[in-house]
$ cat model-v2.cif   # mmCIF, C-alpha atoms
data_protein
#
loop_
_atom_site.label_atom_id
_atom_site.label_comp_id
_atom_site.auth_asym_id
_atom_site.auth_seq_id
_atom_site.Cartn_x
_atom_site.Cartn_y
_atom_site.Cartn_z
CA MET N 1 0.00 0.00 0.00
CA GLU N 2 1.26 3.45 -0.86
CA GLU N 3 2.34 5.77 1.93
CA VAL N 4 -0.32 7.84 3.69
CA LYS N 5 0.48 11.11 5.45
CA LEU N 6 -1.83 13.48 7.28
CA PHE N 7 -0.99 17.11 7.94
CA GLY N 8 -3.10 18.40 10.81
CA THR N 9 -3.18 20.39 14.02
CA TRP N 10 -4.21 19.10 17.43
CA PRO N 11 -6.85 21.80 18.14
CA SER N 12 -8.68 21.41 14.81
CA PRO N 13 -11.96 19.46 14.51
CA TYR N 14 -11.24 19.01 10.80
CA SER N 15 -8.01 17.12 11.57
CA TYR N 16 -9.87 14.67 13.80
CA ARG N 17 -12.51 13.90 11.17
CA VAL N 18 -9.72 12.44 9.03
CA ILE N 19 -7.91 10.73 11.92
CA TRP N 20 -11.08 8.87 12.91
CA ALA N 21 -11.74 7.73 9.35
CA LEU N 22 -8.18 6.44 8.95
CA LYS N 23 -8.22 4.65 12.30
CA LEU N 24 -11.68 3.12 11.82
CA LYS N 25 -10.52 1.63 8.53
CA GLY N 26 -7.22 0.51 10.03
CA ILE N 27 -5.14 2.55 7.58
CA PRO N 28 -1.57 3.15 8.78
CA TYR N 29 -0.44 6.74 8.34
CA GLU N 30 2.20 9.23 9.35
CA TYR N 31 0.86 12.26 11.20
CA ILE N 32 2.57 15.63 10.81
CA GLU N 33 1.61 18.37 13.26
CA GLU N 34 1.60 21.74 11.53
CA ASP N 35 2.27 25.07 13.19
CA LEU N 36 -0.27 27.34 11.48
CA SER N 37 1.62 30.46 12.52
CA ASN N 38 4.60 29.10 10.61
CA LYS N 39 3.28 26.90 7.81
CA SER N 40 5.69 24.35 6.41
CA PRO N 41 6.85 24.58 2.78
CA LEU N 42 5.33 21.12 2.24
CA LEU N 43 1.89 22.27 3.38
CA LEU N 44 2.04 25.30 1.10
CA GLN N 45 3.10 23.05 -1.75
CA TYR N 46 0.33 20.52 -1.11
CA ASN N 47 -2.44 23.06 -0.52
CA PRO N 48 -1.52 26.22 -2.42
CA VAL N 49 -5.16 27.28 -2.88
CA HIS N 50 -6.28 27.33 0.76
CA LYS N 51 -3.00 26.81 2.68
CA LYS N 52 -4.97 24.95 5.35
CA ILE N 53 -5.04 21.65 7.15
CA PRO N 54 -6.03 18.88 7.01
CA VAL N 55 -4.21 17.61 3.94
CA LEU N 56 -4.04 13.90 3.20
CA VAL N 57 -1.16 12.80 1.01
CA HIS N 58 -1.48 9.35 -0.54
CA GLY N 59 1.41 8.06 -2.61
CA GLY N 60 2.66 11.64 -2.90
CA LYS N 61 -0.68 13.01 -4.15
CA PRO N 62 -2.40 15.61 -1.93
CA ILE N 63 -6.13 15.79 -1.17
CA CYS N 64 -7.51 18.85 0.62
CA GLU N 65 -10.76 19.84 2.37
CA SER N 66 -11.87 17.43 5.10
CA LEU N 67 -15.14 16.25 3.54
CA VAL N 68 -13.42 15.68 0.19
CA ILE N 69 -10.72 13.71 2.05
CA LEU N 70 -13.36 11.61 3.85
CA GLU N 71 -15.06 10.68 0.55
CA TYR N 72 -11.64 9.81 -0.91
CA ILE N 73 -10.81 7.57 2.05
CA GLU N 74 -14.23 5.91 1.78
CA GLU N 75 -13.79 5.21 -1.93
CA THR N 76 -10.17 4.08 -1.72
CA TRP N 77 -10.59 1.83 1.34
CA PRO N 78 -14.19 0.56 1.26
CA GLU N 79 -13.86 -1.75 4.31
CA ASN N 80 -15.71 -0.58 7.45
CA PRO N 81 -17.89 1.78 5.42
CA LEU N 82 -18.56 5.29 6.68
CA LEU N 83 -21.36 6.08 4.24
CA PRO N 84 -24.58 4.17 3.54
CA THR N 85 -24.63 2.13 0.32
CA ASP N 86 -28.18 3.06 -0.66
CA PRO N 87 -28.01 6.14 -2.95
CA TYR N 88 -30.86 7.93 -1.17
CA ASP N 89 -29.43 7.34 2.30
CA LYS N 90 -26.04 8.43 0.97
CA ALA N 91 -27.55 11.65 -0.34
CA ILE N 92 -29.13 12.36 3.05
CA ALA N 93 -25.79 11.66 4.77
CA ARG N 94 -24.02 14.09 2.41
CA PHE N 95 -26.74 16.71 2.83
CA TRP N 96 -26.28 16.78 6.60
CA ALA N 97 -22.48 16.68 6.39
CA LYS N 98 -22.64 19.76 4.16
CA PHE N 99 -25.10 21.38 6.54
CA ALA N 100 -22.66 20.79 9.41
CA ASP N 101 -19.83 22.33 7.41
CA ASP N 102 -21.86 25.33 6.24
CA LYS N 103 -23.20 26.12 9.69
CA GLY N 104 -20.14 25.20 11.75
CA SER N 105 -18.52 28.62 11.54
CA ILE N 106 -21.37 30.23 13.49
CA MET N 107 -20.04 28.67 16.68
CA TRP N 108 -16.74 30.45 16.09
CA THR N 109 -18.57 33.69 15.29
CA MET N 110 -20.21 33.41 18.71
CA PHE N 111 -16.83 32.73 20.25
CA ARG N 112 -15.07 35.65 18.57
CA THR N 113 -17.70 38.35 19.08
CA THR N 114 -19.43 40.43 21.71
CA GLY N 115 -22.58 42.55 21.80
CA GLU N 116 -25.19 42.35 19.06
CA GLU N 117 -23.21 40.06 16.75
CA HIS N 118 -22.64 37.67 19.63
CA GLU N 119 -26.33 37.64 20.58
CA LYS N 120 -27.34 36.97 16.98
CA ALA N 121 -24.85 34.09 16.75
CA ILE N 122 -26.36 32.54 19.90
CA LYS N 123 -29.83 32.78 18.39
CA ASP N 124 -28.60 31.24 15.13
CA ILE N 125 -26.92 28.36 16.95
CA LEU N 126 -30.08 27.56 18.91
CA GLU N 127 -32.01 27.46 15.65
CA ILE N 128 -29.43 25.15 14.09
CA LEU N 129 -29.50 22.83 17.11
CA ARG N 130 -33.30 22.79 16.92
CA THR N 131 -33.14 21.88 13.20
CA ILE N 132 -30.73 19.01 13.83
CA GLU N 133 -32.75 17.77 16.80
CA GLU N 134 -36.00 17.75 14.84
CA HIS N 135 -34.93 16.70 11.36
CA ALA N 136 -31.58 14.97 11.35
CA LEU N 137 -31.45 12.41 14.13
CA ALA N 138 -34.88 10.72 14.31
CA GLU N 139 -34.53 7.78 16.70
CA LYS N 140 -31.25 6.53 15.31
CA LYS N 141 -28.09 5.79 17.25
CA PHE N 142 -25.94 7.73 14.81
CA PHE N 143 -26.86 10.13 12.01
CA CYS N 144 -27.01 7.37 9.40
CA GLY N 145 -28.23 4.47 11.51
CA GLU N 146 -26.52 1.95 13.74
CA LYS N 147 -22.96 2.69 12.68
CA ILE N 148 -20.84 5.79 13.04
CA GLY N 149 -20.00 7.58 9.82
CA ILE N 150 -18.95 10.67 7.94
CA THR N 151 -22.02 12.66 9.00
CA ASP N 152 -21.27 12.06 12.69
CA PHE N 153 -17.68 13.22 12.12
CA ALA N 154 -18.99 16.34 10.42
CA PHE N 155 -20.95 17.26 13.54
CA VAL N 156 -17.97 16.88 15.87
CA GLY N 157 -18.06 20.62 16.55
CA ILE N 158 -21.27 20.06 18.51
CA ALA N 159 -20.09 16.87 20.17
CA TYR N 160 -16.92 18.25 21.63
CA TRP N 161 -15.99 21.85 20.87
CA LEU N 162 -19.35 23.40 21.73
CA GLU N 163 -19.08 22.19 25.32
CA VAL N 164 -15.67 23.83 25.73
CA VAL N 165 -16.86 27.06 24.14
CA GLU N 166 -20.00 27.08 26.31
CA GLU N 167 -17.90 26.72 29.45
CA ILE N 168 -15.60 29.58 28.49
CA LEU N 169 -18.47 31.87 27.56
CA GLY N 170 -20.55 30.88 30.58
CA LEU N 171 -23.44 29.72 28.42
CA LYS N 172 -25.57 26.61 28.30
CA LEU N 173 -27.14 26.24 24.88
CA LEU N 174 -27.33 22.49 24.50
CA GLU N 175 -29.69 21.66 27.41
CA ALA N 176 -30.56 17.97 27.78
CA GLU N 177 -34.29 18.64 28.29
CA SER N 178 -34.53 20.79 25.15
CA PHE N 179 -32.35 18.55 22.98
CA PRO N 180 -32.73 14.95 24.18
CA ARG N 181 -31.75 13.35 20.85
CA LEU N 182 -28.65 15.49 20.44
CA HIS N 183 -27.64 14.75 24.01
CA ALA N 184 -28.03 11.04 23.47
CA TRP N 185 -26.05 11.22 20.24
CA ILE N 186 -23.19 13.18 21.85
CA LYS N 187 -22.95 10.60 24.64
CA THR N 188 -22.97 7.65 22.19
CA PHE N 189 -20.50 9.40 19.90
CA LYS N 190 -17.98 10.13 22.64
CA GLU N 191 -18.22 6.57 23.98
CA GLU N 192 -17.17 5.07 20.61
CA PRO N 193 -13.63 3.78 21.35
CA ILE N 194 -12.03 5.37 18.25
CA ILE N 195 -13.47 8.74 19.22
CA ARG N 196 -12.82 8.46 22.94
CA GLU N 197 -9.17 7.57 22.34
CA ASN N 198 -8.64 10.31 19.76
CA LEU N 199 -9.88 13.62 21.03
CA PRO N 200 -7.83 16.64 22.04
CA ASP N 201 -6.85 16.85 25.69
CA GLN N 202 -9.80 18.70 27.27
CA GLU N 203 -7.68 20.74 29.71
CA LYS N 204 -5.27 21.82 26.99
CA MET N 205 -8.19 22.72 24.69
CA PHE N 206 -9.94 24.69 27.41
CA ALA N 207 -6.77 26.60 28.33
CA ARG N 208 -6.04 27.42 24.69
CA LEU N 209 -9.53 28.68 23.91
CA LYS N 210 -9.78 30.59 27.18
CA ARG N 211 -6.54 32.42 26.33
CA ARG N 212 -7.89 33.18 22.85
CA ARG N 213 -11.14 34.57 24.22
CA GLU N 214 -9.28 36.76 26.72
CA MET N 215 -7.08 38.13 23.94
CA LEU N 216 -10.13 38.86 21.78
CA LEU N 217 -11.88 40.70 24.58
CA ALA N 218 -8.76 42.66 25.42
CA SER N 219 -8.34 43.86 21.84
CA SER N 220 -12.00 44.76 21.17
CA MET V 1 -32.39 0.75 -11.37
CA ALA V 2 -36.04 1.51 -12.17
CA THR V 3 -36.68 5.01 -13.45
CA GLY V 4 -39.59 5.97 -11.23
CA ASP V 5 -41.22 9.35 -11.01
CA VAL V 6 -38.81 12.30 -11.19
CA LYS V 7 -39.71 15.88 -10.40
CA LEU V 8 -37.42 18.90 -10.15
CA LEU V 9 -38.41 21.95 -8.15
CA GLY V 10 -36.53 24.92 -9.41
CA ALA V 11 -36.20 28.09 -11.43
CA GLY V 12 -34.58 28.28 -14.85
CA ALA V 13 -32.34 31.17 -13.90
CA SER V 14 -30.72 29.38 -10.99
CA PRO V 15 -27.27 27.92 -11.77
CA TYR V 16 -27.83 25.36 -9.01
CA VAL V 17 -31.02 24.16 -10.70
CA ASN V 18 -29.24 24.14 -14.08
CA ARG V 19 -26.69 21.71 -12.63
CA VAL V 20 -29.43 19.19 -11.91
CA GLN V 21 -31.06 19.68 -15.31
CA ILE V 22 -27.75 19.04 -17.07
CA ALA V 23 -27.12 15.91 -14.97
CA LEU V 24 -30.58 14.52 -15.80
CA ASN V 25 -29.99 15.30 -19.48
CA ILE V 26 -26.68 13.42 -19.44
CA LYS V 27 -28.57 10.38 -18.18
CA SER V 28 -31.38 11.00 -20.73
CA GLU V 29 -33.78 10.96 -17.82
CA ASN V 30 -37.21 12.54 -18.23
CA TYR V 31 -38.52 14.68 -15.44
CA GLU V 32 -41.29 17.09 -14.57
CA PHE V 33 -40.04 20.62 -14.02
CA LEU V 34 -41.98 22.51 -11.37
CA GLU V 35 -41.13 26.18 -11.64
CA GLU V 36 -40.85 28.12 -8.39
CA LYS V 37 -41.89 31.75 -8.70
CA LEU V 38 -39.34 34.40 -7.80
CA GLY V 39 -40.07 35.91 -4.40
CA SER V 40 -42.34 33.16 -3.07
CA LYS V 41 -41.90 29.59 -1.91
CA SER V 42 -44.45 26.92 -2.76
CA GLU V 43 -46.02 24.53 -0.24
CA LEU V 44 -44.23 21.67 -1.96
CA LEU V 45 -40.84 23.36 -1.60
CA LEU V 46 -41.35 24.09 2.09
CA LYS V 47 -42.51 20.52 2.64
CA SER V 48 -39.66 18.95 0.63
CA ASN V 49 -36.87 21.12 1.97
CA PRO V 50 -38.02 22.33 5.38
CA ILE V 51 -34.42 22.73 6.53
CA ARG V 52 -33.02 25.11 3.96
CA LYS V 53 -36.17 26.05 2.01
CA LYS V 54 -34.14 26.37 -1.19
CA ILE V 55 -34.17 25.12 -4.75
CA PRO V 56 -33.20 22.85 -6.40
CA VAL V 57 -35.03 19.89 -4.86
CA LEU V 58 -35.15 16.64 -6.76
CA ILE V 59 -38.14 14.50 -5.85
CA HIS V 60 -37.58 10.89 -6.91
CA ASP V 61 -40.47 8.54 -6.16
CA ASP V 62 -41.73 11.09 -3.62
CA LYS V 63 -38.39 11.24 -1.80
CA PRO V 64 -36.75 14.69 -1.75
CA ILE V 65 -33.02 15.27 -2.24
CA CYS V 66 -31.57 18.75 -1.67
CA GLU V 67 -28.31 20.65 -2.37
CA SER V 68 -27.33 20.77 -6.05
CA LEU V 69 -24.05 18.83 -5.86
CA VAL V 70 -25.56 16.22 -3.53
CA ILE V 71 -28.35 15.81 -6.12
CA VAL V 72 -25.89 15.50 -9.02
CA GLN V 73 -24.01 12.76 -7.16
CA TYR V 74 -27.30 11.04 -6.35
CA ILE V 75 -28.24 11.08 -10.05
CA ASP V 76 -24.87 9.55 -10.89
CA ASP V 77 -25.34 6.88 -8.19
CA VAL V 78 -28.87 5.93 -9.29
CA TRP V 79 -28.79 6.08 -13.09
CA THR V 80 -25.78 3.87 -13.64
CA SER V 81 -26.60 2.86 -17.22
CA GLY V 82 -26.04 6.37 -18.58
CA PRO V 83 -22.61 8.06 -19.05
CA SER V 84 -20.78 8.62 -15.74
CA ILE V 85 -20.75 12.12 -14.29
CA LEU V 86 -18.02 11.68 -11.69
CA PRO V 87 -14.63 10.33 -12.79
CA SER V 88 -14.01 6.66 -12.00
CA ASP V 89 -10.66 7.11 -10.24
CA PRO V 90 -10.99 8.10 -6.53
CA TYR V 91 -8.19 10.68 -6.80
CA ASP V 92 -9.76 12.34 -9.86
CA ARG V 93 -13.08 12.33 -7.99
CA ALA V 94 -11.43 14.07 -5.03
CA ILE V 95 -9.95 16.73 -7.31
CA ALA V 96 -13.34 17.31 -8.98
CA ARG V 97 -15.05 17.63 -5.59
CA PHE V 98 -12.30 19.95 -4.32
CA TRP V 99 -12.74 22.40 -7.19
CA ALA V 100 -16.53 22.22 -7.02
CA ALA V 101 -16.30 23.21 -3.33
CA TYR V 102 -13.88 26.00 -4.25
CA LEU V 103 -16.36 27.32 -6.81
CA ASP V 104 -19.26 27.27 -4.39
CA ASP V 105 -17.48 28.42 -1.24
CA LYS V 106 -14.86 30.83 -2.57
CA TRP V 107 -15.34 31.86 -6.19
CA PHE V 108 -19.05 32.39 -6.80
CA PRO V 109 -19.52 34.40 -3.57
CA LEU V 110 -17.13 36.95 -5.13
CA MET V 111 -19.93 37.84 -7.56
CA LYS V 112 -22.06 38.92 -4.61
CA GLU V 113 -19.07 40.71 -3.11
CA HIS V 114 -18.77 42.70 -6.30
CA ARG V 115 -22.50 43.50 -6.37
CA MET V 116 -22.48 44.69 -2.77
CA ALA V 117 -19.19 46.59 -3.04
CA GLU V 118 -19.55 50.35 -2.77
CA GLY V 119 -17.34 52.67 -4.73
CA GLU V 120 -15.06 52.20 -7.73
CA GLU V 121 -12.10 50.92 -5.76
CA ALA V 122 -14.01 48.23 -3.88
CA LYS V 123 -15.71 47.08 -7.07
CA ALA V 124 -12.39 46.90 -8.92
CA ALA V 125 -10.86 44.89 -6.08
CA ALA V 126 -13.72 42.38 -6.23
CA ILE V 127 -13.31 42.01 -10.01
CA GLU V 128 -9.59 41.43 -9.57
CA LYS V 129 -10.30 38.61 -7.11
CA LEU V 130 -12.83 37.08 -9.53
CA VAL V 131 -10.29 37.11 -12.35
CA GLU V 132 -7.55 35.72 -10.08
CA GLY V 133 -9.92 32.87 -9.24
CA LEU V 134 -10.48 32.23 -12.93
CA VAL V 135 -6.73 32.04 -13.51
CA VAL V 136 -6.51 29.42 -10.74
CA LEU V 137 -9.37 27.54 -12.43
CA GLU V 138 -7.55 27.78 -15.77
CA GLU V 139 -4.60 25.91 -14.21
CA ALA V 140 -7.00 23.39 -12.73
CA PHE V 141 -8.52 22.87 -16.18
CA VAL V 142 -5.14 22.12 -17.73
CA LYS V 143 -4.41 19.55 -15.01
CA CYS V 144 -7.86 17.91 -14.93
CA SER V 145 -8.55 17.78 -18.67
CA LYS V 146 -5.15 16.23 -19.50
CA GLY V 147 -5.36 17.69 -22.98
CA LYS V 148 -9.00 16.73 -23.56
CA ALA V 149 -12.06 18.90 -24.18
CA PHE V 150 -13.56 19.04 -20.70
CA PHE V 151 -12.59 18.91 -17.02
CA GLY V 152 -14.13 15.44 -17.12
CA GLY V 153 -12.16 14.34 -20.21
CA ASP V 154 -13.88 13.60 -23.52
CA SER V 155 -17.32 14.37 -22.20
CA ILE V 156 -18.70 16.75 -19.59
CA GLY V 157 -18.48 15.66 -15.99
CA PHE V 158 -19.03 16.78 -12.42
CA LEU V 159 -16.67 19.74 -12.43
CA ASP V 160 -17.78 20.91 -15.89
CA ILE V 161 -21.34 20.98 -14.56
CA ALA V 162 -20.37 22.69 -11.29
CA PHE V 163 -18.44 25.46 -13.07
CA GLY V 164 -20.36 25.62 -16.34
CA SER V 165 -23.63 26.34 -14.54
CA PHE V 166 -22.13 29.68 -13.48
CA LEU V 167 -21.27 30.76 -17.04
CA GLY V 168 -24.64 32.48 -17.58
CA TRP V 169 -24.14 34.75 -14.58
CA LEU V 170 -20.48 35.24 -15.46
CA ARG V 171 -21.60 36.65 -18.82
CA VAL V 172 -24.08 38.93 -17.04
CA ALA V 173 -21.26 40.24 -14.83
CA GLU V 174 -19.10 40.81 -17.95
CA LYS V 175 -21.90 42.86 -19.54
CA LEU V 176 -22.46 44.90 -16.40
CA VAL V 177 -18.78 45.70 -15.81
CA GLU V 178 -18.12 45.97 -19.55
CA MET V 179 -15.07 43.81 -19.25
CA GLN V 180 -14.11 40.28 -20.27
CA LEU V 181 -13.57 38.20 -17.15
CA LEU V 182 -12.79 35.04 -19.13
CA SER V 183 -10.18 36.29 -21.60
CA GLU V 184 -7.85 34.98 -24.27
CA ALA V 185 -5.00 36.71 -22.49
CA LYS V 186 -5.37 35.13 -19.06
CA THR V 187 -7.66 32.11 -19.45
CA PRO V 188 -7.46 30.92 -23.07
CA ASN V 189 -8.31 27.30 -22.29
CA LEU V 190 -11.37 28.27 -20.29
CA VAL V 191 -12.61 30.52 -23.09
CA GLU V 192 -12.61 27.55 -25.45
CA TRP V 193 -13.99 25.21 -22.82
CA ALA V 194 -16.89 27.58 -22.13
CA GLU V 195 -17.78 27.59 -25.82
CA ARG V 196 -17.71 23.77 -26.00
CA PHE V 197 -19.67 23.45 -22.77
CA GLY V 198 -22.42 25.76 -23.96
CA CYS V 199 -22.84 23.74 -27.16
CA ASP V 200 -23.03 20.36 -25.48
CA ASP V 201 -26.31 18.52 -26.07
CA ALA V 202 -26.98 18.17 -22.36
CA VAL V 203 -26.39 21.88 -21.80
CA LYS V 204 -27.56 23.90 -24.79
CA ASP V 205 -31.26 24.04 -23.88
CA VAL V 206 -30.59 24.54 -20.18
CA LEU V 207 -28.36 27.57 -19.72
CA PRO V 208 -30.51 30.68 -20.01
CA LYS V 209 -29.57 33.35 -22.56
CA THR V 210 -27.62 36.29 -21.14
CA GLU V 211 -30.37 38.80 -22.04
CA LYS V 212 -32.95 36.81 -20.08
CA LEU V 213 -30.67 36.66 -17.06
CA ILE V 214 -30.03 40.41 -17.19
CA GLU V 215 -33.81 40.91 -17.22
CA LYS V 216 -34.17 38.67 -14.14
CA PHE V 217 -31.27 40.46 -12.47
CA LYS V 218 -32.95 43.85 -12.97
CA ILE V 219 -36.27 42.55 -11.61
CA ARG V 220 -34.46 41.17 -8.54
CA GLN V 221 -32.66 44.47 -7.98
CA ALA V 222 -35.97 46.34 -8.20
CA MET V 223 -37.59 43.93 -5.74
CA ALA V 224 -34.72 44.34 -3.32
CA LYS V 225 -35.07 48.11 -3.41
CA ALA V 226 -38.88 48.19 -3.22
CA PRO V 227 -40.42 48.79 0.21
CA PRO V 228 -41.43 45.48 1.88
CA SER V 229 -45.10 44.58 1.45
CA ASN V 230 -47.25 43.28 4.31
#
$ encode --input "model-v2.cif" --output "structure tokens"
Amino acid sequence: MEEVKLFGTWPSPYSYRVIWALKLKGIPYEYIEEDLSNKSPLLLQYNPVHKKIPVLVHGGKPICESLVILEYIEETWPENPLLPTDPYDKAIARFWAKFADDKGSIMWTMFRTTGEEHEKAIKDILEILRTIEEHALAEKKFFCGEKIGITDFAFVGIAYWLEVVEEILGLKLLEAESFPRLHAWIKTFKEEPIIRENLPDQEKMFARLKRRREMLLASS
Amino acid sequence: MATGDVKLLGAGASPYVNRVQIALNIKSENYEFLEEKLGSKSELLLKSNPIRKKIPVLIHDDKPICESLVIVQYIDDVWTSGPSILPSDPYDRAIARFWAAYLDDKWFPLMKEHRMAEGEEAKAAAIEKLVEGLVVLEEAFVKCSKGKAFFGGDSIGFLDIAFGSFLGWLRVAEKLVEMQLLSEAKTPNLVEWAERFGCDDAVKDVLPKTEKLIEKFKIRQAMAKAPPSN
């Protein structure tokens, strides 16, 4: 099998999406931690358009954008599938993964802002959580049924990062009584061994984001 | 796979809807086109896409599929007897998906940036970014086409559809700014590609004429400026 490398950063949800896919499929890879304040020449060569992580390099050929990488991994190594086989179910899985990607930045808008913009972001997030609760999960264990998959990875922001952000901002948006399905999903998701064993250190994450928030407030 | 009943909720002027129409044409699949009126959303649309309330929505045997590129991939997955839309090699597929995401997330939003920009300088800056993006896409074309007519090779494929659907509005922008955005000087391959794309059997009756789009654009502008009605 040709060599697989992953360029990522430990605080990024997008990095983990790829790590989980590779580990679930048992694909050996070399992990390279990037310093985004000092991007390596290799990263800039492999992702000249966006200059971002994650980048998967397979046999010397780079693939960029986490959801594109996940589809590539799924198609190249079909064992332990991460997408449904039925075309309709696959379309629904892709729809929600895209939804997660499109809406994910709002959490960071809430994190970065104060005042009116911040309040609006909170409102938007609650609406998004409501949408997912009502339309996406039904009574399934994971987003696409009994097995974890790409759609679950796409929503990792909610499963892990939101809790850290909530704690730093002193907010509680994802209440168990208001979002029982989401709560159940987060619990199930985090208990999956591959996920549990491959998440950023919570203390380190908290400290890093807390520092960031303090810096943002100080400069505004 | 059985054909079943296929409906497409959309509007002819939407590039996202055009993508789906082209994909269905490639597969020679008949469908019922349900035109959504500008400025209002039908009951069927709100029922079929309660989450994003947007067109296009493909309804196949009463099951709705939303998001244009998700729909195009669904069409490719279901109608396997027709020509393939996505490349067969996983790496080529990844490259096609990468550039389609670039078009949707980075390039096309620059059109809105230009529309909303105030003042000559801001507008010129937006145009420059648009053209820079086209130069990047020109390089992508050279790599993806490998000397052939389309991004997808000998026949149009996923990335041709994703990009080609924007050509109508690109022409509108060119008319409004009185400048060639796709030019012989900077993007010669794309100029020729655009010509070939527009003439393709699956495309030629789908992409609206520039004059019609300009008309729609002016109506939309007028609606945006009009006081809101109760």
$ closest_residue --input "model-v2.cif" --among "V:Ala224, V:Ile22, V:Ile214, V:Leu137" --to "Lys106 (chain V)" --atoms "all atoms listed in the file"
V:Leu137
$ resolve_selection --input "model-v2.cif" --expression "the PyMOL selection byres ((chain N) within 6 of (chain V))" --output "number ranges by chain"
N: 68, 72, 87, 91
$ residues_near_point --input "model-v2.cif" --point "(-33.1, 31.4, -17.6)" --cutoff "6 Å" --atoms "all atoms listed in the file" --output "PDB file with C-alpha atoms, in the frame of the given file"
ATOM      1  CA  GLY V  12     -34.580  28.280 -14.850  1.00  0.00           C
ATOM      2  CA  ALA V  13     -32.340  31.170 -13.900  1.00  0.00           C
ATOM      3  CA  PRO V 208     -30.510  30.680 -20.010  1.00  0.00           C
ATOM      4  CA  LYS V 212     -32.950  36.810 -20.080  1.00  0.00           C
ATOM      5  CA  LEU V 213     -30.670  36.660 -17.060  1.00  0.00           C
TER       6      LEU V 213
END
$ resolve_selection --input "model-v2.cif" --expression "the PyMOL selection byres ((chain N and resi 149) around 10)" --output "PyMOL selection string"
chain N and resi 17+20-21+24+70+80-84+93+142-148+150-154
$ residues_around --input "model-v2.cif" --residues "Thr210 (chain V)" --least-positions-apart "3" --cutoff "10 Å" --atoms "all atoms listed in the file" --output "number ranges by chain"
V: 167-173, 175, 207, 213-216
$ resolve_selection --input "model-v2.cif" --expression "the PyMOL selection byres ((chain N and resi 158) around 9)" --output "JSON, numbers by chain"
{"N": [104, 107, 129, 155, 156, 157, 159, 160, 161, 162, 163, 174, 182, 186]}
$ residues_around --input "model-v2.cif" --residues "region 188-203 of chain V" --least-positions-apart "3" --cutoff "8 Å" --atoms "only C-alpha atoms" --output "number ranges by chain"
V: 22-23, 25-26, 138, 141-142, 149-150, 156, 160, 164, 167, 182-185, 206-207
$ closest_residue --input "model-v2.cif" --among "V:Ser48, V:Thr187, V:Asn18, V:Asn30" --to "Val6 (chain V)" --atoms "only C-alpha atoms"
V:Asn30
$ residues_around --input "model-v2.cif" --residues "Ile27 (chain N)" --least-positions-apart "6" --cutoff "10 Å" --atoms "all atoms listed in the file" --output "list in words"
Met1, Glu3, Val4, Ile19, Ala21, Ile73 and Trp77 of chain N
$ residues_around --input "model-v2.cif" --residues "region 201-206 of chain N" --least-positions-apart "2" --cutoff "7 Å" --atoms "all atoms listed in the file" --output "PyMOL selection string"
chain N and resi 11+164+199+208-210
